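Below you'll find the structure, written out as structure tokens, and then a few comments.
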Amino acid sequence: MRQNKPLNRQQLIVMLKSFFVNTVLIALKISSGFAFKSQALIADGIHSFSDFLSDIMVIIGIKQSAKPADKEHPFGHGKLEYVVSIFLGISILLVAYQMIRFFVLNINDTLEAPSLLGLFVALIVIVVKAVLSRYLLLSGKILESHMIIASGKESMTDVISSIAVLIGIGLTVIGHQFNITWLYLSDRIAALFIAFLIAKIAIEILIDSAKMILGKSAPQTVLDSTKKRIESVPGVLHVDRLDMIVYGHYYQVMVEILVDGNLSVESGHNIATVTQRVLQENEKIAHVLVHVNPNKP
């Protein structure tokens, strides 16, 4: 089975960029949270730590899933992407649990007003994470990488959580400034909101990963274009059946082609060989199985 190393390198470059950005944001959020007395900003920093973990897991997953086929794994290691995504979802869910637990155990602690400087940090984070999330989602779609898309979705929650931080800090500052008691909890409520948001995205990643492990077909547009490509092969009268299964960042293709029933076995075999070669010109197709059906008068 042919493995696509250029695609693998592109995926690594994407995730290394994300890794660098998230490392900087973790340091910025957590240090700013303690310096400016904002629980929401600290919680958001913990959320970014989940991004940091996801980047590490995705980078490892990309390297491992690119291993060539072997005796025990004749179709390669592409589905490792989904296994990594499941572990990613579980780790993010545990982060959310710890954040909710912290909120419950410390609900009676004395409240302090966060600094206005926390607002500027939140604004910077929103812009940076919005750009990063968009970049990951687009790259994941182009490279057809489930892991990168999952990481991009998780990064998008960081944008939403940072907006919650911005609102939470702002309302808490207003509450302390004008002695509006019920606004004092805004920063903590924002932290709790972030925790539930993290839990939600973790569950979505787990469900999506489970579906992919069970076997998911390629998009209809990909099926249609592949069918046309097959039918352009000389000797192929029709595509009787075409199955394309997403297998990591590449496809497995199983196709039944219709050929002239008067052809010799060797001629039918040659058409199947050409069909296989034509399909594997697509860098995202790694394994092809062609079955020949004779046209009956």
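Letters for chains follow the order of the structure tokens (A, B, ...), residue numbers begin at 1 for each chain, and ligand numbers begin at 1 in the order shown.
Secondary structure of region 211-265 of chain A, strand (DSSP E) only (DSSP, backbone atoms): His238, Val239, Asp240, Arg241, Leu242, Asp243, Met244, Ile245, Val246, Tyr247, Tyr250, Tyr251, Gln252, Val253, Met254, Val255, Glu256, Ile257, Leu258, Val259 and Asp260 of chain A.
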Task: Contacts of Ile46 (chain A) at 10 Å (only C-alpha atoms; same-chain gap of 6+ positions) as an MDAnalysis selection string - done: chainID A and resid 26 29:30 40 52 95:96 98:99 194:195
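Those residues that approach Gln276 (chain A) to within 8 Å, counting only C-alpha atoms, are Ala272, Gln280, Val288, Leu289 and Val290 of chain A; same-chain residues fewer than 4 positions away are not listed.
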Open item on the list: Taking only C-alpha atoms into account, name the residue in A:Leu116, A:Ile160, A:Leu192, A:Val173 that is nearest to Ala43 (chain A).
Closed with: A:Leu192
Open item on the list: List as a list of chain:residue names the protein and nucleic acid residues near Gln220 (chain A), meaning an atom at most 12 Å away when only C-alpha atoms are counted, but skip any in the same chain fewer than 4 places from it.
Closed with: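 Using only C-alpha atoms, the neighbours found are A:Lys216, A:Asp224, A:Ser225, A:Thr226, A:Lys227, A:Leu242, A:Asp243, A:Met244, A:Ile245.
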Open item on the list: Using DSSP assignments from the backbone, pull out every residue in region 58-233 of chain A that falls under helix (DSSP H, G or I) and give it to me as a ChimeraX atom specification.
Closed with: /A:58-65,80-105,117-143,146-177,181-183,186-214,220-231
Task: Distance query Ala150 (chain A) at most 12 Å, only C-alpha atoms, self and fewer than 4 positions along chain excluded, as a ChimeraX atom specification - done: /A:15,51,54-55,57-58,81-82,84-89,92,133,136-141,144-146,154-157,201-209
- [ ] Within 7 Å of Val246 (chain A), counting only C-alpha atoms, which residues show up once you throw out same-chain ones fewer than 6 positions away? Write them as a ChimeraX atom specification, please.
- [x] /A:215-218,252
TODO: For CA of Val125 (chain A) and CA of Val104 (chain A), quote the distance in Å rounded to one decimal.
DONE: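 Distance reported for this atom pair: 26.5 Å.
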TODO: Enter the distance from CA of Tyr97 (chain A) to CA of Lys200 (chain A), in Å, rounded to one decimal.
DONE: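 Separating CA of Tyr97 (chain A) from CA of Lys200 (chain A) is a distance of 11.3 Å.
Closest to Tyr250 (chain A) among A:Leu143, A:Leu237, A:Thr273, A:Leu171 is A:Leu143, based on only C-alpha atoms.
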